[in-house]
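Chemist: Provided below: protein12.tsv, containing TSV, C-alpha atoms.
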```
chain	number	residue	atom	x	y	z
A	1	MET	CA	48.42	35.63	-38.70
A	2	ILE	CA	48.79	31.92	-39.50
A	3	GLU	CA	52.28	31.05	-40.67
A	4	PRO	CA	52.55	29.05	-43.91
A	5	ALA	CA	53.36	25.36	-43.52
A	6	PRO	CA	56.75	24.04	-44.69
A	7	THR	CA	56.34	21.90	-47.77
A	8	THR	CA	58.66	18.98	-46.94
A	9	PRO	CA	58.49	17.43	-43.45
A	10	GLU	CA	61.83	17.61	-41.70
A	11	PRO	CA	63.13	14.62	-39.70
A	12	MET	CA	62.26	14.80	-36.00
A	13	THR	CA	62.73	12.55	-33.00
A	14	ARG	CA	59.66	11.69	-30.89
A	15	MET	CA	60.78	14.07	-28.15
A	16	GLY	CA	61.59	16.76	-30.67
A	17	ALA	CA	58.10	16.41	-32.15
A	18	PHE	CA	56.52	16.63	-28.69
A	19	TRP	CA	58.32	19.85	-27.81
A	20	ARG	CA	57.69	21.32	-31.25
A	21	GLY	CA	53.99	20.56	-30.72
A	22	THR	CA	53.88	22.37	-27.38
A	23	LEU	CA	54.77	25.63	-29.18
A	24	ALA	CA	51.14	25.72	-30.39
A	25	MET	CA	50.30	27.07	-26.93
A	26	PHE	CA	51.61	30.46	-28.10
A	27	GLY	CA	49.66	30.42	-31.37
A	28	VAL	CA	46.74	32.71	-32.21
A	29	PRO	CA	43.93	30.14	-31.65
A	30	ALA	CA	45.31	29.26	-28.20
A	31	THR	CA	45.77	32.90	-27.21
A	32	VAL	CA	42.14	33.69	-28.03
A	33	LEU	CA	41.10	30.63	-26.03
A	34	TYR	CA	42.95	31.93	-22.94
A	35	ALA	CA	40.80	35.10	-22.94
A	36	GLY	CA	37.72	32.92	-22.44
A	37	ILE	CA	39.59	30.74	-19.93
A	38	LEU	CA	40.33	33.79	-17.75
A	39	GLY	CA	36.57	34.24	-17.63
A	40	TYR	CA	36.11	30.57	-16.79
A	41	GLY	CA	38.55	30.93	-13.84
A	42	ALA	CA	36.66	33.94	-12.53
A	43	PHE	CA	33.35	32.12	-13.05
A	44	ALA	CA	34.57	29.00	-11.23
A	45	ARG	CA	35.45	31.13	-8.20
A	46	GLU	CA	32.03	32.80	-8.15
A	47	ALA	CA	30.35	29.40	-8.62
A	48	GLY	CA	32.00	28.29	-5.34
A	49	LEU	CA	34.60	25.88	-6.70
A	50	THR	CA	37.97	25.61	-4.97
A	51	LEU	CA	41.06	26.49	-7.02
A	52	GLY	CA	41.84	22.75	-7.17
A	53	GLN	CA	38.40	21.96	-8.58
A	54	ALA	CA	38.66	24.85	-11.02
A	55	LEU	CA	41.93	23.35	-12.30
A	56	ALA	CA	40.60	19.76	-12.31
A	57	LEU	CA	37.76	20.54	-14.72
A	58	PRO	CA	39.98	21.47	-17.70
A	59	ILE	CA	42.04	18.33	-17.04
A	60	PHE	CA	38.94	16.08	-16.90
A	61	LEU	CA	37.02	17.70	-19.72
A	62	GLN	CA	39.36	19.53	-22.11
A	63	ALA	CA	36.41	21.60	-23.30
A	64	LEU	CA	35.60	25.09	-22.08
A	65	PRO	CA	31.83	25.08	-22.73
A	66	ALA	CA	31.41	21.72	-20.98
A	67	GLN	CA	33.49	23.00	-18.03
A	68	VAL	CA	31.20	25.99	-17.58
A	69	VAL	CA	28.06	23.85	-17.99
A	70	LEU	CA	29.39	21.50	-15.30
A	71	ALA	CA	30.53	24.24	-12.88
A	72	ASP	CA	27.17	25.94	-13.34
A	73	HIS	CA	25.23	22.76	-12.50
A	74	ALA	CA	27.41	22.18	-9.43
A	75	ALA	CA	26.95	25.76	-8.22
A	76	ARG	CA	23.18	25.37	-8.29
A	77	GLY	CA	23.19	21.92	-6.69
A	78	ALA	CA	21.80	20.11	-9.74
A	79	SER	CA	21.70	16.30	-9.66
A	80	LEU	CA	24.70	14.31	-10.87
A	81	ALA	CA	22.54	12.76	-13.61
A	82	ALA	CA	21.27	16.10	-14.96
A	83	ALA	CA	24.81	17.50	-15.00
A	84	ALA	CA	26.26	14.38	-16.66
A	85	LEU	CA	23.54	14.41	-19.33
A	86	ALA	CA	24.04	18.10	-20.13
A	87	VAL	CA	27.83	17.68	-20.25
A	88	SER	CA	27.52	14.56	-22.38
A	89	LEU	CA	25.26	16.33	-24.88
A	90	THR	CA	27.80	19.14	-25.31
A	91	ALA	CA	30.51	16.48	-25.78
A	92	VAL	CA	28.85	14.37	-28.52
A	93	ARG	CA	30.49	16.66	-31.06
A	94	PHE	CA	33.85	15.10	-30.07
A	95	LEU	CA	32.87	11.90	-31.87
A	96	PRO	CA	32.78	13.36	-35.39
A	97	MET	CA	35.78	15.57	-34.54
A	98	THR	CA	37.79	12.51	-33.48
A	99	VAL	CA	36.74	10.69	-36.64
A	100	VAL	CA	38.11	13.57	-38.71
A	101	ILE	CA	41.49	13.72	-36.98
A	102	MET	CA	42.11	9.95	-36.66
A	103	PRO	CA	43.69	9.53	-40.10
A	104	TRP	CA	46.43	11.97	-38.99
A	105	LEU	CA	47.11	10.08	-35.76
A	106	LYS	CA	47.72	6.65	-37.31
A	107	GLY	CA	51.05	5.31	-38.47
A	108	HIS	CA	52.92	5.83	-35.21
A	109	GLY	CA	53.93	2.14	-34.95
A	110	GLY	CA	52.84	1.87	-31.30
A	111	PRO	CA	49.86	0.04	-29.80
A	112	ARG	CA	46.32	1.22	-30.61
A	113	TRP	CA	45.57	2.22	-27.00
A	114	HIS	CA	48.02	5.08	-27.30
A	115	GLU	CA	45.49	6.62	-29.68
A	116	LEU	CA	42.75	6.29	-27.04
A	117	LEU	CA	44.87	8.30	-24.60
A	118	VAL	CA	45.84	10.99	-27.06
A	119	VAL	CA	42.26	11.61	-28.27
A	120	HIS	CA	41.59	13.07	-24.81
A	121	PHE	CA	43.05	16.18	-26.43
A	122	VAL	CA	40.30	16.38	-29.02
A	123	ALA	CA	38.82	19.79	-28.21
A	124	VAL	CA	38.20	22.66	-30.58
A	125	THR	CA	41.48	24.62	-30.26
A	126	VAL	CA	43.83	21.63	-30.08
A	127	TRP	CA	41.92	19.94	-32.89
A	128	ILE	CA	42.15	22.97	-35.18
A	129	GLU	CA	45.89	23.26	-34.49
A	130	GLY	CA	46.27	19.51	-35.12
A	131	LEU	CA	44.52	19.64	-38.50
A	132	ARG	CA	46.59	22.68	-39.43
A	133	ARG	CA	50.01	21.41	-38.31
A	134	LEU	CA	49.99	17.58	-38.53
A	135	PRO	CA	50.15	17.43	-42.33
A	136	THR	CA	53.58	19.14	-42.07
A	137	VAL	CA	54.92	16.45	-39.71
A	138	ARG	CA	56.22	12.95	-40.53
A	139	PRO	CA	53.60	10.23	-39.87
A	140	GLU	CA	55.78	8.32	-37.35
A	141	VAL	CA	55.92	11.26	-34.92
A	142	ARG	CA	52.48	12.79	-35.49
A	143	LEU	CA	50.97	11.15	-32.40
A	144	THR	CA	53.62	12.64	-30.09
A	145	TYR	CA	53.43	15.96	-31.92
A	146	TYR	CA	49.67	16.06	-31.31
A	147	LEU	CA	50.25	15.09	-27.67
A	148	GLY	CA	52.63	18.06	-27.48
A	149	ILE	CA	49.98	20.42	-28.88
A	150	GLY	CA	47.49	19.10	-26.30
A	151	VAL	CA	49.83	19.26	-23.31
A	152	GLY	CA	51.10	22.71	-24.33
A	153	ILE	CA	47.64	24.22	-24.68
A	154	LEU	CA	46.49	22.50	-21.47
A	155	SER	CA	49.42	24.12	-19.63
A	156	GLY	CA	48.43	27.54	-20.95
A	157	THR	CA	44.80	26.78	-20.03
A	158	LEU	CA	45.69	25.88	-16.44
A	159	ALA	CA	47.80	29.02	-16.06
A	160	ALA	CA	44.95	31.17	-17.44
A	161	THR	CA	42.42	29.40	-15.18
A	162	ALA	CA	44.51	30.09	-12.07
A	163	LEU	CA	45.10	33.69	-13.16
A	164	GLY	CA	41.37	34.30	-13.74
A	165	TYR	CA	40.44	32.58	-10.48
A	166	LEU	CA	42.95	34.52	-8.37
A	167	ALA	CA	42.40	37.84	-10.16
A	168	ALA	CA	38.62	37.66	-9.68
A	169	GLY	CA	39.12	37.89	-5.92
A	170	THR	CA	41.59	40.76	-5.90
A	171	VAL	CA	40.81	43.16	-8.76
A	172	PRO	CA	38.05	45.83	-8.58
A	173	GLU	CA	34.53	44.61	-9.31
A	174	TRP	CA	34.31	46.19	-12.77
A	175	MET	CA	37.47	44.37	-13.79
A	176	ALA	CA	36.15	41.05	-12.47
A	177	ALA	CA	32.96	41.68	-14.44
A	178	ALA	CA	35.00	42.30	-17.59
A	179	LEU	CA	36.91	39.04	-16.99
A	180	LEU	CA	33.63	37.15	-16.60
A	181	PHE	CA	32.20	38.78	-19.70
A	182	THR	CA	34.98	37.49	-21.99
A	183	MET	CA	33.74	33.91	-21.59
A	184	PRO	CA	30.16	34.11	-22.93
A	185	LEU	CA	31.32	36.50	-25.64
A	186	THR	CA	34.07	34.08	-26.73
A	187	PHE	CA	31.56	31.20	-26.81
A	188	LEU	CA	29.03	33.12	-28.82
A	189	LEU	CA	31.49	34.41	-31.42
A	190	ALA	CA	33.31	31.05	-31.71
A	191	MET	CA	29.95	29.34	-32.31
A	192	ILE	CA	28.98	31.85	-34.99
A	193	GLU	CA	32.42	31.38	-36.55
A	194	THR	CA	32.21	27.58	-36.70
A	195	ALA	CA	28.49	27.31	-37.58
A	196	ARG	CA	28.20	25.58	-40.93
A	197	SER	CA	24.63	24.50	-41.55
A	198	ARG	CA	21.40	26.47	-41.28
A	199	ALA	CA	20.53	24.26	-38.32
A	200	ASP	CA	23.66	25.50	-36.49
A	201	HIS	CA	22.67	29.13	-36.94
A	202	LEU	CA	19.06	28.49	-35.98
A	203	ALA	CA	20.22	26.57	-32.88
A	204	ILE	CA	22.23	29.57	-31.64
A	205	GLY	CA	19.19	31.84	-32.03
A	206	ALA	CA	16.80	29.31	-30.50
A	207	GLY	CA	19.13	28.69	-27.54
A	208	ILE	CA	19.37	32.41	-26.77
A	209	ALA	CA	15.58	32.85	-27.07
A	210	ILE	CA	14.56	29.80	-25.02
A	211	ALA	CA	17.16	29.85	-22.21
A	212	PRO	CA	15.75	32.78	-20.16
A	213	LEU	CA	12.24	31.24	-20.28
A	214	ALA	CA	13.57	27.77	-19.42
A	215	TYR	CA	15.55	29.23	-16.51
A	216	ALA	CA	12.45	30.92	-15.10
A	217	TRP	CA	10.43	27.72	-15.50
A	218	LEU	CA	12.80	24.85	-14.64
A	219	PRO	CA	16.03	26.06	-13.03
A	220	GLY	CA	18.54	23.18	-12.82
A	221	PHE	CA	17.19	21.56	-15.98
A	222	ASP	CA	17.06	24.75	-18.00
A	223	LEU	CA	20.14	24.05	-20.13
A	224	LEU	CA	19.01	20.52	-20.96
A	225	LEU	CA	15.55	21.79	-21.84
A	226	THR	CA	17.01	24.63	-23.91
A	227	GLY	CA	19.31	22.25	-25.76
A	228	LEU	CA	16.73	19.58	-26.51
A	229	ALA	CA	13.92	21.99	-27.42
A	230	GLY	CA	16.02	24.60	-29.24
A	231	GLY	CA	18.29	22.06	-30.93
A	232	THR	CA	15.42	19.87	-32.13
A	233	LEU	CA	13.50	22.90	-33.37
A	234	ALA	CA	16.57	24.17	-35.24
A	235	TRP	CA	17.19	20.72	-36.73
A	236	LEU	CA	13.55	20.41	-37.90
A	237	LEU	CA	13.50	23.93	-39.37
A	238	GLY	CA	16.87	23.32	-41.03
A	239	ARG	CA	15.58	20.08	-42.58
A	240	TRP	CA	12.36	21.71	-43.71
A	241	ARG	CA	14.28	24.54	-45.37
A	242	ARG	CA	16.53	22.05	-47.14
A	243	THR	CA	13.69	20.09	-48.75
B	605	MET	CA	36.68	20.54	0.51
B	606	SER	CA	34.40	23.10	-1.05
B	607	GLY	CA	31.11	24.54	0.09
B	608	LEU	CA	29.22	23.41	-3.00
B	609	PRO	CA	25.62	22.23	-2.51
B	610	GLY	CA	24.31	18.68	-2.80
B	611	VAL	CA	26.43	15.88	-4.16
B	612	TRP	CA	29.09	18.33	-5.40
B	613	GLY	CA	30.75	18.76	-2.03
B	614	LEU	CA	30.98	15.01	-1.38
B	615	TRP	CA	33.79	12.50	-1.96
B	616	GLY	CA	36.59	15.02	-1.61
B	617	GLY	CA	34.94	17.34	-4.11
B	618	TYR	CA	36.64	15.77	-7.14
B	619	LEU	CA	34.83	12.48	-7.81
B	620	PRO	CA	31.47	14.10	-8.74
B	621	PHE	CA	33.28	16.25	-11.29
B	622	PHE	CA	35.17	13.22	-12.58
B	623	ILE	CA	31.91	11.30	-13.06
B	624	ALA	CA	29.80	14.09	-14.55
B	625	GLY	CA	32.81	15.49	-16.41
B	626	PHE	CA	35.33	12.95	-17.63
B	627	LEU	CA	33.08	9.86	-17.66
B	628	ALA	CA	30.21	11.78	-19.27
B	629	SER	CA	32.29	13.15	-22.14
B	630	GLU	CA	35.30	10.90	-22.78
B	631	PRO	CA	33.38	7.91	-24.28
B	632	TRP	CA	32.48	10.09	-27.28
B	633	ARG	CA	36.19	10.53	-28.00
B	634	TRP	CA	36.84	6.80	-27.57
B	635	GLY	CA	33.87	6.10	-29.82
B	636	GLY	CA	35.31	8.38	-32.46
B	637	ALA	CA	38.70	6.63	-32.26
B	638	LEU	CA	37.28	3.07	-32.29
B	639	ILE	CA	34.16	2.93	-34.44
B	640	GLY	CA	34.28	6.38	-35.98
B	641	ARG	CA	35.50	5.08	-39.30
B	642	ASP	CA	32.08	3.58	-40.01
B	643	LEU	CA	30.00	6.61	-39.02
B	644	ASP	CA	28.96	9.44	-41.29
B	645	PRO	CA	29.58	12.87	-39.74
B	646	GLN	CA	27.13	14.32	-42.30
B	647	SER	CA	24.23	12.17	-41.06
B	648	GLU	CA	20.98	13.62	-39.70
B	649	PHE	CA	21.88	12.33	-36.24
B	650	PHE	CA	25.05	14.43	-36.11
B	651	ILE	CA	23.28	17.49	-37.48
B	652	TRP	CA	20.74	17.12	-34.64
B	653	VAL	CA	23.45	16.57	-32.02
B	654	ARG	CA	25.37	19.62	-33.20
B	655	ALA	CA	22.18	21.68	-32.99
B	656	VAL	CA	21.40	20.47	-29.44
B	657	SER	CA	24.97	21.16	-28.35
B	658	SER	CA	24.93	24.65	-29.92
B	659	ALA	CA	21.60	25.46	-28.26
B	660	ILE	CA	22.93	24.39	-24.84
B	661	VAL	CA	25.97	26.64	-25.14
B	662	ALA	CA	23.99	29.54	-26.66
B	663	GLY	CA	21.48	29.14	-23.84
B	664	LEU	CA	24.28	29.32	-21.30
B	665	VAL	CA	25.58	32.51	-22.93
B	666	ALA	CA	22.10	34.07	-22.82
B	667	ARG	CA	21.60	33.16	-19.18
B	668	LEU	CA	24.97	34.54	-18.11
B	669	VAL	CA	24.18	37.85	-19.80
B	670	VAL	CA	20.45	38.10	-18.93
B	671	PHE	CA	20.64	36.73	-15.35
B	672	PRO	CA	24.18	37.62	-14.26
B	673	THR	CA	25.60	36.55	-10.93
B	674	GLY	CA	28.44	37.94	-8.83
B	675	ALA	CA	30.52	40.76	-10.25
B	676	MET	CA	28.58	40.81	-13.54
B	677	ALA	CA	25.40	41.64	-11.63
B	678	ALA	CA	26.94	45.04	-10.82
B	679	ILE	CA	26.81	45.95	-14.52
B	680	SER	CA	23.49	47.39	-15.71
B	681	ALA	CA	21.36	45.46	-18.21
B	682	PRO	CA	21.66	48.05	-21.04
B	683	THR	CA	25.46	47.94	-20.71
B	684	ARG	CA	25.57	44.12	-20.80
B	685	TYR	CA	23.26	43.85	-23.83
B	686	GLY	CA	24.94	46.78	-25.59
B	687	ALA	CA	28.45	45.38	-25.06
B	688	ALA	CA	27.38	41.95	-26.37
B	689	LEU	CA	25.89	43.55	-29.49
B	690	ILE	CA	29.00	45.72	-30.02
B	691	GLY	CA	31.20	42.62	-29.68
B	692	ILE	CA	29.12	40.78	-32.30
B	693	ALA	CA	29.16	43.81	-34.62
B	694	ALA	CA	32.95	44.19	-34.25
B	695	PHE	CA	33.41	40.48	-34.98
B	696	PHE	CA	31.56	40.80	-38.30
B	697	ALA	CA	33.03	44.21	-39.14
B	698	ILE	CA	36.64	43.04	-38.68
B	699	ARG	CA	36.50	40.02	-41.01
B	700	ARG	CA	34.94	37.64	-38.47
B	701	ASN	CA	37.95	38.09	-36.17
B	702	LEU	CA	37.32	36.33	-32.85
B	703	GLY	CA	40.03	38.17	-30.89
B	704	ALA	CA	38.86	41.59	-32.11
B	705	GLY	CA	35.22	40.82	-31.28
B	706	VAL	CA	36.03	39.66	-27.74
B	707	ALA	CA	38.42	42.57	-27.05
B	708	ILE	CA	36.12	45.30	-28.39
B	709	GLY	CA	33.01	43.84	-26.71
B	710	THR	CA	34.81	43.65	-23.36
B	711	LEU	CA	36.15	47.21	-23.70
B	712	ALA	CA	32.59	48.33	-24.54
B	713	LEU	CA	31.38	46.73	-21.30
B	714	ILE	CA	33.98	48.66	-19.27
B	715	ALA	CA	33.28	51.92	-21.12
B	716	GLY	CA	29.53	51.48	-20.73
B	717	HIS	CA	29.89	50.77	-17.03
B	718	PHE	CA	31.70	54.05	-16.40
B	719	LEU	CA	29.73	56.19	-18.87
B	720	ILE	CA	26.12	55.06	-18.40
B	721	GLY	CA	26.37	52.90	-15.26
```
Represent the structure contained in this file as structure tokens.
Modeler:
Amino acid sequence: MIEPAPTTPEPMTRMGAFWRGTLAMFGVPATVLYAGILGYGAFAREAGLTLGQALALPIFLQALPAQVVLADHAARGASLAAAALAVSLTAVRFLPMTVVIMPWLKGHGGPRWHELLVVHFVAVTVWIEGLRRLPTVRPEVRLTYYLGIGVGILSGTLAATALGYLAAGTVPEWMAAALLFTMPLTFLLAMIETARSRADHLAIGAGIAIAPLAYAWLPGFDLLLTGLAGGTLAWLLGRWRRT
Amino acid sequence: MSGLPGVWGLWGGYLPFFIAGFLASEPWRWGGALIGRDLDPQSEFFIWVRAVSSAIVAGLVARLVVFPTGAMAAISAPTRYGAALIGIAAFFAIRRNLGAGVAIGTLALIAGHFLIG
């Protein structure tokens, strides 16, 4: 499923590296991502977003869960502050992810701010493809190669978003429901797949258990409440089990 | 312009999403690129943050399945719960394969809808 990496990096121009990077949009991780994105497109339509807004969110955020959290807050008229806080909390994980990938993005010979632009493409799928492919690329062109991965997968994401959005309005209801269903299922399975610590596993269970109660009690703040309560509980239990 | 409630329909409909989307998330990436070298991704703080983030997303999944809106609301509760469980089971049965889990769970939802309503 995942092709073996070549052992010696071949010479590549910057443009060549960029285009080679964009091919990641046809890889297995990206293809699985698009299934969830179709669901996001359908969800964005039902949430009341315009097609333009539905396409803007992946460009602004580059993170499917954060996009759905944000669209969901907007649909229910939550305050800007509550939405920003919830989105920000789902995005903190980008900090350690960026730390991990930075060593592969140095050595390009350009100014440092180029790195600040390219790290916009730190999101799970692009990041995984970067860690997998960058070691096979010469250091001088890694930054443009990574940019290529990001732009390629973003292009696929936008196409899938538009497809999901437009399809949701034209296909029979059961098909629209199936489209919508791919998104939560993708999230859940991807989280189980990437969970490493006991706290991660406990947090998934706690989130599922608390969310329906939080929604009944404090709609609009339910995801924040679920995250803070369930996450803290999972962290404490995980710590207690470790000691 | 969109018909979204509250602040979300204002300022052309894009600025609120830019603020609560891009500006709320991008600083973490900049932080990782600038000061990340000195931070320990194994620290208790990051374990807590990961847990909070996972609980938010898991909570969202639960709400979408338990309190569906739109087209999903036409699918009965037993079918939604059953399809989610079948998707999880398929994921574990087929060597933790994400694509297989999503495909089989979604097919189970369609099958359940036509077989048991």
Chemist: Identify the residues around (25.0, 51.3, -19.4) within a radius of 12 Å, measuring from only C-alpha atoms in the coordinates stated by the file, and give them as an mmCIF file with C-alpha atoms, in the frame of the given file.
Modeler:
```cif
data_model
loop_
_atom_site.group_PDB
_atom_site.id
_atom_site.type_symbol
_atom_site.label_atom_id
_atom_site.label_comp_id
_atom_site.auth_asym_id
_atom_site.auth_seq_id
_atom_site.Cartn_x
_atom_site.Cartn_y
_atom_site.Cartn_z
ATOM 1 C CA ALA B 678 26.940 45.040 -10.820
ATOM 2 C CA ILE B 679 26.810 45.950 -14.520
ATOM 3 C CA SER B 680 23.490 47.390 -15.710
ATOM 4 C CA ALA B 681 21.360 45.460 -18.210
ATOM 5 C CA PRO B 682 21.660 48.050 -21.040
ATOM 6 C CA THR B 683 25.460 47.940 -20.710
ATOM 7 C CA ARG B 684 25.570 44.120 -20.800
ATOM 8 C CA TYR B 685 23.260 43.850 -23.830
ATOM 9 C CA GLY B 686 24.940 46.780 -25.590
ATOM 10 C CA ALA B 687 28.450 45.380 -25.060
ATOM 11 C CA ALA B 688 27.380 41.950 -26.370
ATOM 12 C CA ALA B 712 32.590 48.330 -24.540
ATOM 13 C CA LEU B 713 31.380 46.730 -21.300
ATOM 14 C CA ILE B 714 33.980 48.660 -19.270
ATOM 15 C CA ALA B 715 33.280 51.920 -21.120
ATOM 16 C CA GLY B 716 29.530 51.480 -20.730
ATOM 17 C CA HIS B 717 29.890 50.770 -17.030
ATOM 18 C CA PHE B 718 31.700 54.050 -16.400
ATOM 19 C CA LEU B 719 29.730 56.190 -18.870
ATOM 20 C CA ILE B 720 26.120 55.060 -18.400
ATOM 21 C CA GLY B 721 26.370 52.900 -15.260
#
```
Chemist: Could you work out how far CA of Phe60 (chain A) lies from CA of Gly77 (chain A), giving the answer in Å with one decimal?
Modeler: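 Between these atoms lies a distance of 19.7 Å.
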Chemist: Name the residues in contact with Phe187 (chain A) at a cut-off of 8 Å, using all atoms listed in the file, excluding same-chain residues fewer than 3 positions from it; report them as a list in words.
Modeler: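 Counting all atoms listed in the file, the residues come to Gly36, Pro65, Met183, Pro184, Ala190 and Met191 of chain A; Val661, Ala662 and Val665 of chain B.
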Chemist: Taking 6 positions as the minimum chain separation for residues in the same chain, which residues sit within 10 Å of Thr125 (chain A) when counting only C-alpha atoms? Answer as a ChimeraX atom specification.
Modeler: /A:24-25,28-33,62-63,149-150,153
Chemist: So how many Å separate CA of Ile101 (chain A) and CA of Ala159 (chain A), to one decimal?
Modeler: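 Distance between the two atoms: 26.7 Å.
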Chemist: Ranking A:Gly164, A:Gly130, A:Gly52, A:Pro139 by minimum distance to chain B and counting all atoms listed in the file, which one comes first?
Modeler: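 Of the candidates, the smallest distance to chain B is held by A:Gly52.
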Chemist: To one decimal place in Å, what is the distance between CA of Gly607 (chain B) and CA of Thr50 (chain A)?
Modeler: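 Taking CA of Gly607 (chain B) and CA of Thr50 (chain A), their separation equals 8.6 Å.
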Chemist: I'd like the contact shell of Arg242 (chain A) - 12 Å cut-off, all atoms listed in the file, skipping same-chain residues fewer than 5 positions apart - returned as a PDB file with C-alpha atoms, keeping the file's coordinate frame.
Modeler:
```
ATOM      1  CA  SER A 197      24.630  24.500 -41.550  1.00  0.00           C
ATOM      2  CA  ARG A 198      21.400  26.470 -41.280  1.00  0.00           C
ATOM      3  CA  ALA A 199      20.530  24.260 -38.320  1.00  0.00           C
ATOM      4  CA  TRP A 235      17.190  20.720 -36.730  1.00  0.00           C
ATOM      5  CA  LEU A 236      13.550  20.410 -37.900  1.00  0.00           C
ATOM      6  CA  LEU A 237      13.500  23.930 -39.370  1.00  0.00           C
TER       7      LEU A 237
END
```
Chemist: Which of these, A:Gly110, A:Pro9, A:Gly152, A:Gly169, has the shortest distance to chain B once you count all atoms listed in the file?
Modeler: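 Going through A:Gly110, A:Pro9, A:Gly152, A:Gly169 one by one, the smallest distance to chain B is for A:Gly169.
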Chemist: Need the shell around Ile660 (chain B): protein/DNA/RNA residues with any atom at most 7 Å away, counting all atoms listed in the file. Skip same-chain ones fewer than 6 positions apart. Format as a tab-separated table (two decimals) with C-alpha atoms, in the coordinates of the input?
Modeler:
```tsv
chain	number	residue	atom	x	y	z
A	207	GLY	CA	19.13	28.69	-27.54
A	223	LEU	CA	20.14	24.05	-20.13
A	224	LEU	CA	19.01	20.52	-20.96
A	226	THR	CA	17.01	24.63	-23.91
A	227	GLY	CA	19.31	22.25	-25.76
```
Chemist: Fewer than 4 positions away in the same chain doesn't count, so skip those; otherwise give me all residues within 8 Å of Ala78 (chain A), counting all atoms listed in the file, as a PyMOL selection string.
Modeler: (chain A and resi 73-74+82-83+220-221) or (chain B and resi 610)
Chemist: Nearest to chain B among A:Gly16, A:Gly156, A:Pro96, A:Gly148, with distances taken over only C-alpha atoms: which residue is it?
Modeler: A:Pro96
Chemist: Given the choices A:His120, A:His108, A:Arg138, A:Arg45, which gets closest to chain B if the distance is worked out from only C-alpha atoms?
Modeler: A:His120
